[in-house]
file protein34.cif (mmCIF, C-alpha atoms)
data_input
#
loop_
_atom_site.label_atom_id
_atom_site.label_comp_id
_atom_site.auth_asym_id
_atom_site.auth_seq_id
_atom_site.Cartn_x
_atom_site.Cartn_y
_atom_site.Cartn_z
CA MET A 6 130.92 81.87 207.27
CA GLY A 7 127.85 79.76 208.14
CA LYS A 8 126.11 82.35 210.33
CA PRO A 9 126.41 85.32 207.93
CA THR A 10 125.17 83.11 205.09
CA ALA A 11 122.14 82.07 207.15
CA SER A 12 121.47 85.69 208.09
CA ILE A 13 121.62 86.81 204.46
CA THR A 14 119.36 83.95 203.47
CA ARG A 15 116.81 84.96 206.08
CA ARG A 16 116.92 88.59 204.95
CA ARG A 17 116.41 87.59 201.35
CA PHE A 18 113.57 85.31 202.36
CA LEU A 19 111.85 88.05 204.35
CA LYS A 20 112.31 90.49 201.50
CA THR A 21 110.76 88.00 199.06
CA VAL A 22 107.81 87.43 201.43
CA SER A 23 107.38 91.20 201.80
CA ILE A 24 107.31 91.70 198.02
CA ALA A 25 104.85 88.84 197.57
CA SER A 26 102.59 90.15 200.35
CA ALA A 27 102.56 93.62 198.83
CA ALA A 28 101.68 92.21 195.43
CA ALA A 29 98.84 90.16 196.88
CA ALA A 30 97.46 93.17 198.73
CA THR A 31 97.40 95.42 195.68
CA GLY A 32 96.46 92.88 193.04
CA MET A 33 99.66 93.57 191.10
CA ILE A 34 100.45 90.65 188.83
CA SER A 35 104.13 89.72 188.51
CA THR A 36 105.61 86.62 186.93
CA GLN A 37 108.81 86.16 188.92
CA ALA A 38 111.11 87.47 191.66
CA HIS A 39 112.20 90.99 190.76
CA ALA A 40 115.89 90.50 191.49
CA ALA A 41 116.19 87.67 188.96
CA ALA A 42 115.08 89.78 185.98
CA GLU A 43 117.34 91.86 183.79
CA PHE A 44 114.41 94.15 182.84
CA THR A 45 111.40 95.05 184.98
CA LEU A 46 108.48 96.43 182.95
CA LYS A 47 105.36 98.02 184.45
CA TYR A 48 102.01 97.86 182.66
CA ALA A 49 99.06 99.83 184.11
CA ASN A 50 95.36 99.87 183.25
CA ASN A 51 92.07 101.06 184.70
CA LEU A 52 90.08 97.80 184.68
CA PRO A 53 89.41 95.23 187.44
CA ALA A 54 91.80 92.30 187.76
CA THR A 55 89.01 89.94 186.66
CA HIS A 56 88.31 91.77 183.37
CA PRO A 57 89.40 89.94 180.17
CA MET A 58 92.04 92.62 179.65
CA ASN A 59 93.84 91.57 182.82
CA THR A 60 93.18 87.86 182.38
CA ARG A 61 94.97 88.04 179.02
CA ALA A 62 97.62 90.40 180.39
CA LYS A 63 98.50 87.91 183.14
CA GLU A 64 98.76 85.15 180.54
CA MET A 65 100.84 87.46 178.32
CA ALA A 66 103.19 88.34 181.19
CA ALA A 67 103.84 84.66 181.88
CA LYS A 68 104.63 83.98 178.23
CA ILE A 69 107.00 86.95 178.08
CA ALA A 70 108.83 85.67 181.17
CA THR A 71 109.13 82.17 179.70
CA GLU A 72 110.18 83.22 176.20
CA SER A 73 112.72 85.73 177.54
CA LYS A 74 114.13 83.01 179.80
CA GLY A 75 113.47 85.14 182.86
CA ARG A 76 115.17 88.26 181.55
CA ILE A 77 111.88 90.22 181.68
CA ASP A 78 109.64 90.65 184.72
CA PHE A 79 106.43 92.02 183.17
CA GLN A 80 104.35 93.47 186.01
CA VAL A 81 100.61 94.16 185.57
CA TYR A 82 98.95 96.87 187.69
CA PRO A 83 95.15 96.72 187.19
CA ASN A 84 92.32 98.89 188.52
CA ASN A 85 94.03 102.32 188.51
CA GLN A 86 96.62 101.21 191.09
CA LEU A 87 99.21 103.63 189.74
CA GLY A 88 96.79 106.56 189.35
CA ASN A 89 93.81 107.67 187.28
CA ASP A 90 93.91 107.85 183.49
CA THR A 91 95.35 111.37 183.40
CA ASP A 92 98.03 110.56 185.99
CA THR A 93 99.05 107.30 184.32
CA LEU A 94 99.14 108.85 180.86
CA GLY A 95 101.62 111.36 182.29
CA GLN A 96 103.66 108.53 183.81
CA VAL A 97 103.88 106.54 180.58
CA ARG A 98 104.87 109.70 178.71
CA SER A 99 107.68 110.33 181.23
CA GLY A 100 108.77 106.69 181.39
CA ALA A 101 107.80 106.11 185.04
CA VAL A 102 105.36 103.51 183.68
CA ASP A 103 106.38 101.45 180.65
CA PHE A 104 102.97 100.46 179.23
CA PHE A 105 99.40 101.72 179.55
CA THR A 106 96.09 100.91 177.84
CA LEU A 107 93.86 103.91 177.12
CA SER A 108 90.63 104.65 175.24
CA PRO A 109 91.18 106.51 171.93
CA LEU A 110 88.67 109.13 173.10
CA ILE A 111 90.65 109.95 176.25
CA LEU A 112 93.93 109.72 174.35
CA GLY A 113 92.37 112.37 172.09
CA THR A 114 93.23 114.99 174.72
CA LEU A 115 96.89 114.42 173.75
CA VAL A 116 96.52 113.27 170.14
CA PRO A 117 93.25 114.62 168.65
CA ALA A 118 93.35 112.22 165.68
CA ALA A 119 93.10 109.23 168.06
CA GLN A 120 89.42 109.81 168.78
CA ILE A 121 88.26 109.41 165.16
CA SER A 122 87.39 105.76 165.84
CA GLY A 123 84.72 107.02 168.27
CA VAL A 124 82.66 109.00 165.75
CA GLY A 125 79.00 108.31 166.53
CA PHE A 126 77.19 105.56 164.59
CA ALA A 127 80.15 105.23 162.21
CA PHE A 128 80.98 101.52 162.45
CA LYS A 129 78.01 99.29 161.70
CA ASP A 130 79.58 96.12 163.10
CA TYR A 131 82.80 94.54 164.37
CA ASN A 132 83.82 93.51 160.86
CA GLN A 133 84.12 97.21 159.97
CA VAL A 134 85.83 98.03 163.27
CA TRP A 135 88.63 95.48 162.93
CA ALA A 136 89.09 96.07 159.20
CA ALA A 137 89.62 99.78 159.95
CA MET A 138 91.67 99.52 163.13
CA ASP A 139 93.90 96.71 161.81
CA GLY A 140 94.09 98.52 158.48
CA GLU A 141 94.82 102.00 157.19
CA LEU A 142 92.79 103.97 159.75
CA GLY A 143 94.59 102.30 162.66
CA SER A 144 97.94 102.82 160.94
CA HIS A 145 97.15 106.52 160.46
CA VAL A 146 96.24 106.95 164.14
CA ARG A 147 99.37 105.11 165.34
CA LYS A 148 101.57 107.38 163.20
CA GLN A 149 99.88 110.44 164.75
CA ILE A 150 100.42 109.06 168.26
CA GLU A 151 104.11 108.41 167.65
CA ALA A 152 104.67 111.76 165.93
CA LYS A 153 103.04 113.84 168.67
CA SER A 154 104.18 112.20 171.87
CA THR A 155 106.87 110.22 173.67
CA VAL A 156 104.80 107.04 173.35
CA PHE A 157 103.81 104.68 170.57
CA ALA A 158 100.91 102.25 170.16
CA PHE A 159 101.24 98.56 169.37
CA GLU A 160 99.62 97.35 166.16
CA LYS A 161 96.58 95.57 167.62
CA ILE A 162 94.11 97.74 169.51
CA TRP A 163 92.30 95.96 172.38
CA ASP A 164 88.50 95.99 172.80
CA ASN A 165 86.18 97.73 175.23
CA GLY A 166 82.97 97.15 173.27
CA TYR A 167 80.10 99.01 171.70
CA ARG A 168 78.47 101.55 173.99
CA GLN A 169 74.76 101.35 174.89
CA ILE A 170 72.34 103.86 176.50
CA THR A 171 70.56 103.14 179.78
CA ASN A 172 68.02 105.39 181.47
CA SER A 173 65.20 105.41 184.03
CA THR A 174 62.57 107.17 181.89
CA ARG A 175 61.77 105.42 178.59
CA PRO A 176 63.14 103.11 175.90
CA ILE A 177 65.24 104.84 173.23
CA ASN A 178 63.86 103.54 169.93
CA LYS A 179 64.47 106.58 167.71
CA PRO A 180 66.51 109.80 167.90
CA GLU A 181 63.51 111.82 169.07
CA ASP A 182 63.36 109.72 172.25
CA LEU A 183 66.60 111.38 173.40
CA LYS A 184 65.16 114.90 173.22
CA GLY A 185 65.57 116.68 176.55
CA MET A 186 66.97 113.60 178.32
CA LYS A 187 69.64 114.33 180.91
CA LEU A 188 72.51 111.95 180.14
CA ARG A 189 75.86 111.50 181.83
CA VAL A 190 78.73 111.45 179.32
CA PRO A 191 82.52 111.35 179.82
CA PRO A 192 84.33 114.70 179.51
CA SER A 193 84.89 114.65 175.74
CA PRO A 194 83.85 117.21 173.10
CA LEU A 195 83.01 114.35 170.71
CA TRP A 196 80.54 112.78 173.15
CA THR A 197 78.97 116.12 174.09
CA SER A 198 78.66 117.18 170.47
CA MET A 199 76.93 113.94 169.47
CA PHE A 200 74.30 113.98 172.20
CA ARG A 201 73.58 117.67 171.71
CA ALA A 202 72.89 116.82 168.06
CA PHE A 203 70.14 114.53 169.39
CA ASP A 204 68.73 117.48 171.42
CA SER A 205 69.50 115.74 174.72
CA ALA A 206 71.16 117.36 177.72
CA PRO A 207 74.60 115.76 178.18
CA ALA A 208 76.37 116.33 181.49
CA SER A 209 80.01 115.47 182.29
CA ILE A 210 80.16 113.57 185.59
CA ASN A 211 83.07 111.62 187.09
CA PHE A 212 82.39 107.91 186.67
CA ALA A 213 82.83 107.32 190.40
CA GLU A 214 79.73 109.49 190.92
CA VAL A 215 77.56 108.01 188.16
CA TYR A 216 75.66 105.51 190.31
CA SER A 217 74.60 108.13 192.88
CA ALA A 218 73.79 110.67 190.11
CA LEU A 219 71.44 108.13 188.52
CA GLN A 220 70.00 107.11 191.88
CA THR A 221 69.18 110.71 192.85
CA LYS A 222 67.97 111.58 189.33
CA ILE A 223 70.59 114.28 188.78
CA VAL A 224 70.73 112.59 185.39
CA GLU A 225 68.22 110.17 183.89
CA GLY A 226 70.67 108.03 181.99
CA GLN A 227 74.21 107.21 180.92
CA GLU A 228 76.05 105.26 178.21
CA ASN A 229 78.71 102.54 178.48
CA PRO A 230 79.62 99.08 177.20
CA MET A 231 77.64 96.20 178.69
CA ALA A 232 80.47 94.93 180.88
CA ILE A 233 80.68 98.28 182.68
CA ILE A 234 76.88 98.55 183.04
CA SER A 235 77.01 95.15 184.72
CA THR A 236 80.09 95.49 186.93
CA ALA A 237 79.01 98.96 188.16
CA LYS A 238 75.53 97.54 188.89
CA LEU A 239 73.86 100.38 187.02
CA TYR A 240 70.90 98.09 186.37
CA GLU A 241 69.94 98.73 190.02
CA VAL A 242 69.19 102.39 189.24
CA GLN A 243 68.11 102.14 185.59
CA LYS A 244 65.00 100.65 183.94
CA TYR A 245 65.87 100.55 180.25
CA CYS A 246 68.86 99.55 178.16
CA SER A 247 68.66 100.54 174.50
CA MET A 248 71.07 98.66 172.26
CA THR A 249 72.13 101.70 170.27
CA ASN A 250 75.71 100.59 169.55
CA HIS A 251 76.23 104.35 169.13
CA MET A 252 79.99 104.28 169.55
CA TRP A 253 82.71 101.66 169.48
CA ASP A 254 85.42 101.99 172.10
CA GLY A 255 88.76 100.25 172.49
CA PHE A 256 92.14 100.53 174.19
CA TRP A 257 95.41 101.43 172.49
CA PHE A 258 98.26 99.51 174.15
CA LEU A 259 100.77 102.33 174.62
CA ALA A 260 104.50 102.07 175.34
CA ASN A 261 107.10 104.62 176.34
CA LYS A 262 109.51 104.87 173.37
CA LYS A 263 112.76 105.22 175.33
CA SER A 264 111.87 102.47 177.76
CA PHE A 265 111.01 100.06 174.94
CA GLU A 266 114.13 100.95 172.93
CA ARG A 267 116.31 99.99 175.92
CA LEU A 268 115.29 96.38 175.34
CA PRO A 269 117.51 94.34 173.01
CA LYS A 270 115.88 93.60 169.65
CA ASP A 271 115.13 89.98 170.51
CA LEU A 272 113.25 91.05 173.67
CA GLN A 273 111.40 93.79 171.77
CA GLU A 274 110.16 91.10 169.38
CA ILE A 275 108.98 88.89 172.25
CA VAL A 276 107.06 91.72 173.93
CA THR A 277 105.55 93.02 170.68
CA ARG A 278 104.35 89.62 169.49
CA ASN A 279 102.82 88.71 172.85
CA VAL A 280 101.07 92.07 173.30
CA ASN A 281 99.46 91.79 169.86
CA GLU A 282 98.51 88.13 170.30
CA ALA A 283 96.94 88.86 173.69
CA GLY A 284 95.01 91.75 172.17
CA ILE A 285 93.44 89.48 169.54
CA LYS A 286 92.39 86.97 172.22
CA GLN A 287 91.03 89.75 174.45
CA ARG A 288 88.81 90.98 171.61
CA ALA A 289 87.05 87.62 171.43
CA ASP A 290 86.75 87.49 175.24
CA VAL A 291 85.15 90.95 175.47
CA LYS A 292 82.64 90.29 172.70
CA ALA A 293 81.57 87.02 174.32
CA LEU A 294 81.28 88.72 177.72
CA ASN A 295 79.24 91.65 176.40
CA ASP A 296 76.96 89.31 174.41
CA SER A 297 76.21 87.20 177.50
CA LEU A 298 75.43 90.08 179.85
CA ALA A 299 72.09 91.09 178.28
CA THR A 300 70.50 87.80 179.39
CA GLU A 301 71.99 88.17 182.86
CA MET A 302 70.76 91.75 183.34
CA LYS A 303 67.31 90.98 181.95
CA GLY A 304 67.01 88.60 184.88
CA LYS A 305 67.80 91.55 187.18
CA GLY A 306 64.96 93.66 185.80
CA LEU A 307 66.59 95.73 183.04
CA ALA A 308 64.37 96.01 179.93
CA PHE A 309 66.21 95.79 176.59
CA ASN A 310 65.28 97.08 173.16
CA ASP A 311 66.97 97.26 169.75
CA THR A 312 67.14 100.43 167.65
CA ASP A 313 67.31 101.53 164.01
CA ASN A 314 70.84 102.86 163.71
CA GLU A 315 70.23 104.40 160.29
CA ALA A 316 67.67 106.78 161.79
CA PHE A 317 70.29 107.98 164.28
CA ARG A 318 72.85 108.44 161.49
CA ALA A 319 70.34 110.48 159.51
CA LYS A 320 69.74 112.73 162.53
CA LEU A 321 73.48 113.31 162.99
CA ARG A 322 73.80 114.03 159.28
CA SER A 323 71.01 116.61 159.28
CA ALA A 324 72.34 118.23 162.48
CA GLY A 325 75.74 118.80 160.80
CA PHE A 326 77.60 116.53 163.24
CA TYR A 327 79.54 114.63 160.57
CA THR A 328 80.34 117.79 158.63
CA GLU A 329 81.68 119.46 161.80
CA TRP A 330 83.93 116.55 162.72
CA HIS A 331 85.08 116.01 159.14
CA LYS A 332 86.51 119.54 159.29
CA LYS A 333 88.14 118.90 162.67
CA PHE A 334 89.80 115.62 161.69
CA GLY A 335 90.74 116.74 158.17
CA ASP A 336 90.18 115.22 154.74
CA GLU A 337 92.86 112.52 154.94
CA ALA A 338 91.69 110.94 158.20
CA TRP A 339 88.01 111.28 157.27
CA ALA A 340 88.54 109.58 153.92
CA LEU A 341 90.21 106.65 155.72
CA LEU A 342 87.27 106.40 158.15
CA GLU A 343 84.71 106.41 155.32
CA LYS A 344 86.72 103.81 153.41
CA TYR A 345 85.53 101.33 156.05
CA THR A 346 82.21 102.80 157.22
CA GLY A 347 80.82 104.05 153.92
CA LYS A 348 79.74 107.65 153.35
CA LEU A 349 78.73 109.38 156.56
CA ALA A 350 78.04 112.93 155.38
#
call {"tool": "encode", "arguments": {"input": "protein34.cif", "output": "structure tokens"}}
result
Amino acid sequence: MGKPTASITRRRFLKTVSIASAAAATGMISTQAHAAAEFTLKYANNLPATHPMNTRAKEMAAKIATESKGRIDFQVYPNNQLGNDTDTLGQVRSGAVDFFTLSPLILGTLVPAAQISGVGFAFKDYNQVWAAMDGELGSHVRKQIEAKSTVFAFEKIWDNGYRQITNSTRPINKPEDLKGMKLRVPPSPLWTSMFRAFDSAPASINFAEVYSALQTKIVEGQENPMAIISTAKLYEVQKYCSMTNHMWDGFWFLANKKSFERLPKDLQEIVTRNVNEAGIKQRADVKALNDSLATEMKGKGLAFNDTDNEAFRAKLRSAGFYTEWHKKFGDEAWALLEKYTGKLA
């Protein structure tokens, strides 16, 4: 029996090496050998492995493995490894992927109510954001997500950051400075509607093409959180960064309902608690990262300026933007938003 045992051992060893090599090549983060786990769970996202989201996800995965006594292998697939946002949203809805983090504004293509947290110049600061998203507004959105799809969202939404405007033409100090400016925006009616209210010329361009579009002046500017402006090196093709804080953006941590319900109750509790705890830690990480990047990018030649957000709100009010979106979201959701932001229209 010695030879067969040795042969099997070698095969298992080679298989383990193969799995480990594949994981190293793709950046997939796994906490243990697959065969040892009773449940293998896949979590996908669209951010680099070094982003705070994935740093905390790796830590979270290790805690889940430890607390479940090895029963769960929680695998993290960063940087769109399992497909783009649309593809992966389809996979988490079907159960091919167990978990996925997605911006409320992109999730709005499936659940329109989800994008209400992205209403322009609504949240004045993070205190309002977290009060709303950890409170009744977040609860309302999660109920809509669960009612209209095969997925649900965990209680604590993760952070992406406030979005800022960069461009190669002039500082944006007041709403009038946006008039006629060609700006790249993601493909979202909410984004397009807001920038049209400022009389700018928004254009939907795939993010992979943003750098070249700015470099060749197809568009003059774009808008994104600071971490993305930095990691995409947009400061190389932009002169000005206006700290408009025009829209807060986050990530709902989504789970496939059937996949999650297959877990015993004790394992559901372990996953839920660790996802929410990691989300709270990631919020602090992202804020610290975004706050530090202005100094770094100033050193690379990007000129920064602050803005008067109330002037931008007044422009959106007079253009009918808030009235239009109040009608689209409905009285109930809008009242919950204004409970935290104050009167918008």
call {"tool": "closest_residue", "arguments": {"input": "protein34.cif", "among": "A:Asn261, A:Gln169, A:Asn59, A:Asn85", "to": "Val102 of chain A", "atoms": "all atoms listed in the file"}}
result
A:Asn261
call {"tool": "resolve_selection", "arguments": {"input": "protein34.cif", "expression": "the PyMOL selection byres ((chain A and resi 115) around 12)", "output": "PDB file with C-alpha atoms, in the coordinates of the input"}}
result
ATOM      1  CA  THR A  91      95.350 111.370 183.400  1.00  0.00           C
ATOM      2  CA  LEU A  94      99.140 108.850 180.860  1.00  0.00           C
ATOM      3  CA  GLY A  95     101.620 111.360 182.290  1.00  0.00           C
ATOM      4  CA  ARG A  98     104.870 109.700 178.710  1.00  0.00           C
ATOM      5  CA  LEU A 107      93.860 103.910 177.120  1.00  0.00           C
ATOM      6  CA  SER A 108      90.630 104.650 175.240  1.00  0.00           C
ATOM      7  CA  PRO A 109      91.180 106.510 171.930  1.00  0.00           C
ATOM      8  CA  LEU A 110      88.670 109.130 173.100  1.00  0.00           C
ATOM      9  CA  ILE A 111      90.650 109.950 176.250  1.00  0.00           C
ATOM     10  CA  LEU A 112      93.930 109.720 174.350  1.00  0.00           C
ATOM     11  CA  GLY A 113      92.370 112.370 172.090  1.00  0.00           C
ATOM     12  CA  THR A 114      93.230 114.990 174.720  1.00  0.00           C
ATOM     13  CA  VAL A 116      96.520 113.270 170.140  1.00  0.00           C
ATOM     14  CA  PRO A 117      93.250 114.620 168.650  1.00  0.00           C
ATOM     15  CA  ALA A 118      93.350 112.220 165.680  1.00  0.00           C
ATOM     16  CA  ALA A 119      93.100 109.230 168.060  1.00  0.00           C
ATOM     17  CA  GLN A 120      89.420 109.810 168.780  1.00  0.00           C
ATOM     18  CA  GLN A 149      99.880 110.440 164.750  1.00  0.00           C
ATOM     19  CA  ILE A 150     100.420 109.060 168.260  1.00  0.00           C
ATOM     20  CA  GLU A 151     104.110 108.410 167.650  1.00  0.00           C
ATOM     21  CA  ALA A 152     104.670 111.760 165.930  1.00  0.00           C
ATOM     22  CA  LYS A 153     103.040 113.840 168.670  1.00  0.00           C
ATOM     23  CA  SER A 154     104.180 112.200 171.870  1.00  0.00           C
ATOM     24  CA  THR A 155     106.870 110.220 173.670  1.00  0.00           C
ATOM     25  CA  VAL A 156     104.800 107.040 173.350  1.00  0.00           C
TER      26      VAL A 156
END
call {"tool": "resolve_selection", "arguments": {"input": "protein34.cif", "expression": "the PyMOL selection byres ((chain A and resi 310-320) around 7)", "output": "VMD selection string"}}
result
chain A and resid 126 176 178 to 180 246 to 249 308 to 309 321 to 324
call {"tool": "resolve_selection", "arguments": {"input": "protein34.cif", "expression": "the PyMOL selection byres ((chain A and resi 214) around 12)", "output": "PyMOL selection string"}}
result
chain A and resi 189-191+209-213+215-221+223-224+227+237+239
call {"tool": "atom_distance", "arguments": {"input": "protein34.cif", "atom1": "atom CA of Asn132 of chain A", "atom2": "atom CA of Val146 of chain A"}}
result
18.6 Å
call {"tool": "closest_residue", "arguments": {"input": "protein34.cif", "among": "A:Ala137, A:Ala340, A:Met252, A:Val242", "to": "Gly306 of chain A", "atoms": "all atoms listed in the file"}}
result
A:Val242
call {"tool": "atom_distance", "arguments": {"input": "protein34.cif", "atom1": "atom CA of Phe326 of chain A", "atom2": "atom CA of Arg288 of chain A"}}
result
29.1 Å
call {"tool": "atom_distance", "arguments": {"input": "protein34.cif", "atom1": "atom CA of Tyr327 of chain A", "atom2": "atom CA of Asn165 of chain A"}}
result
23.3 Å
call {"tool": "residues_around", "arguments": {"input": "protein34.cif", "residues": "Gly304 of chain A", "least_positions_apart": "4", "cutoff": "12 Å", "atoms": "all atoms listed in the file", "output": "PyMOL selection string"}}
result
chain A and resi 235+240-241+297-300+308-309
call {"tool": "closest_residue", "arguments": {"input": "protein34.cif", "among": "A:Ser73, A:Met302, A:Lys184, A:Trp330", "to": "Trp196 of chain A", "atoms": "only C-alpha atoms"}}
result
A:Trp330
call {"tool": "closest_residue", "arguments": {"input": "protein34.cif", "among": "A:Gly335, A:Arg278, A:Gly284, A:Phe105", "to": "Asp139 of chain A", "atoms": "all atoms listed in the file"}}
result
A:Gly284
call {"tool": "closest_residue", "arguments": {"input": "protein34.cif", "among": "A:Leu349, A:Ala338, A:Ala206, A:Ile234", "to": "His145 of chain A", "atoms": "only C-alpha atoms"}}
result
A:Ala338
call {"tool": "closest_residue", "arguments": {"input": "protein34.cif", "among": "A:Ala260, A:Ile275, A:Ala49, A:Leu342", "to": "Phe128 of chain A", "atoms": "all atoms listed in the file"}}
result
A:Leu342
call {"tool": "axis_aligned_box", "arguments": {"input": "protein34.cif", "around": "segment 219-229 of chain A", "padding_each_side": "3 Å", "output": "JSON"}}
result
{"center_x": 73.3, "center_y": 108.4, "center_z": 185.5, "size_x": 16.7, "size_y": 17.7, "size_z": 20.6}
call {"tool": "residues_around", "arguments": {"input": "protein34.cif", "residues": "Asp164 of chain A", "least_positions_apart": "2", "cutoff": "10 Å", "atoms": "all atoms listed in the file", "output": "PyMOL selection string"}}
result
chain A and resi 57-58+108+135+161-162+166-167+253-257+284-292
call {"tool": "build_atoms", "arguments": {"input": "protein34.cif", "residues": "segment 180-187 of chain A", "atoms": "all heavy atoms", "output": "CSV table (one decimal), in the coordinates of the input"}}
result
chain,number,residue,atom,x,y,z
A,180,PRO,N,65.8,108.6,167.4
A,180,PRO,CA,66.5,109.8,167.9
A,180,PRO,C,65.7,110.7,168.7
A,180,PRO,O,66.1,111.3,169.7
A,180,PRO,CB,67.0,110.5,166.6
A,180,PRO,CG,67.1,109.4,165.6
A,180,PRO,CD,66.0,108.4,166.0
A,181,GLU,N,64.4,110.9,168.4
A,181,GLU,CA,63.5,111.8,169.1
A,181,GLU,C,63.3,111.4,170.5
A,181,GLU,O,63.0,112.3,171.4
A,181,GLU,CB,62.1,111.9,168.4
A,181,GLU,CG,62.2,112.5,167.0
A,181,GLU,CD,62.8,111.6,165.9
A,181,GLU,OE1,62.9,110.4,166.1
A,181,GLU,OE2,63.1,112.2,164.8
A,182,ASP,N,63.5,110.2,170.9
A,182,ASP,CA,63.4,109.7,172.2
A,182,ASP,C,64.4,110.3,173.2
A,182,ASP,O,64.3,110.2,174.4
A,182,ASP,CB,63.4,108.2,172.3
A,182,ASP,CG,62.2,107.5,171.6
A,182,ASP,OD1,61.1,108.2,171.6
A,182,ASP,OD2,62.4,106.4,171.1
A,183,LEU,N,65.5,110.8,172.6
A,183,LEU,CA,66.6,111.4,173.4
A,183,LEU,C,66.4,112.9,173.7
A,183,LEU,O,67.1,113.4,174.5
A,183,LEU,CB,67.9,111.2,172.7
A,183,LEU,CG,68.6,109.8,172.7
A,183,LEU,CD1,69.7,109.7,171.7
A,183,LEU,CD2,69.1,109.5,174.1
A,184,LYS,N,65.4,113.5,173.1
A,184,LYS,CA,65.2,114.9,173.2
A,184,LYS,C,64.9,115.3,174.7
A,184,LYS,O,64.0,114.7,175.3
A,184,LYS,CB,64.0,115.4,172.4
A,184,LYS,CG,63.8,116.9,172.3
A,184,LYS,CD,62.8,117.3,171.3
A,184,LYS,CE,62.7,118.8,171.3
A,184,LYS,NZ,61.7,119.3,170.3
A,185,GLY,N,65.7,116.2,175.2
A,185,GLY,CA,65.6,116.7,176.6
A,185,GLY,C,66.1,115.8,177.6
A,185,GLY,O,66.1,116.1,178.8
A,186,MET,N,66.5,114.5,177.3
A,186,MET,CA,67.0,113.6,178.3
A,186,MET,C,68.3,114.0,178.9
A,186,MET,O,69.3,114.3,178.2
A,186,MET,CB,67.1,112.2,177.7
A,186,MET,CG,67.5,111.1,178.8
A,186,MET,SD,67.4,109.5,178.1
A,186,MET,CE,65.6,109.2,178.1
A,187,LYS,N,68.4,114.0,180.2
A,187,LYS,CA,69.6,114.3,180.9
A,187,LYS,C,70.5,113.1,181.0
A,187,LYS,O,70.2,112.1,181.7
A,187,LYS,CB,69.3,114.8,182.3
A,187,LYS,CG,68.6,116.2,182.4
A,187,LYS,CD,68.4,116.7,183.8
A,187,LYS,CE,67.3,115.8,184.4
A,187,LYS,NZ,66.9,116.3,185.8
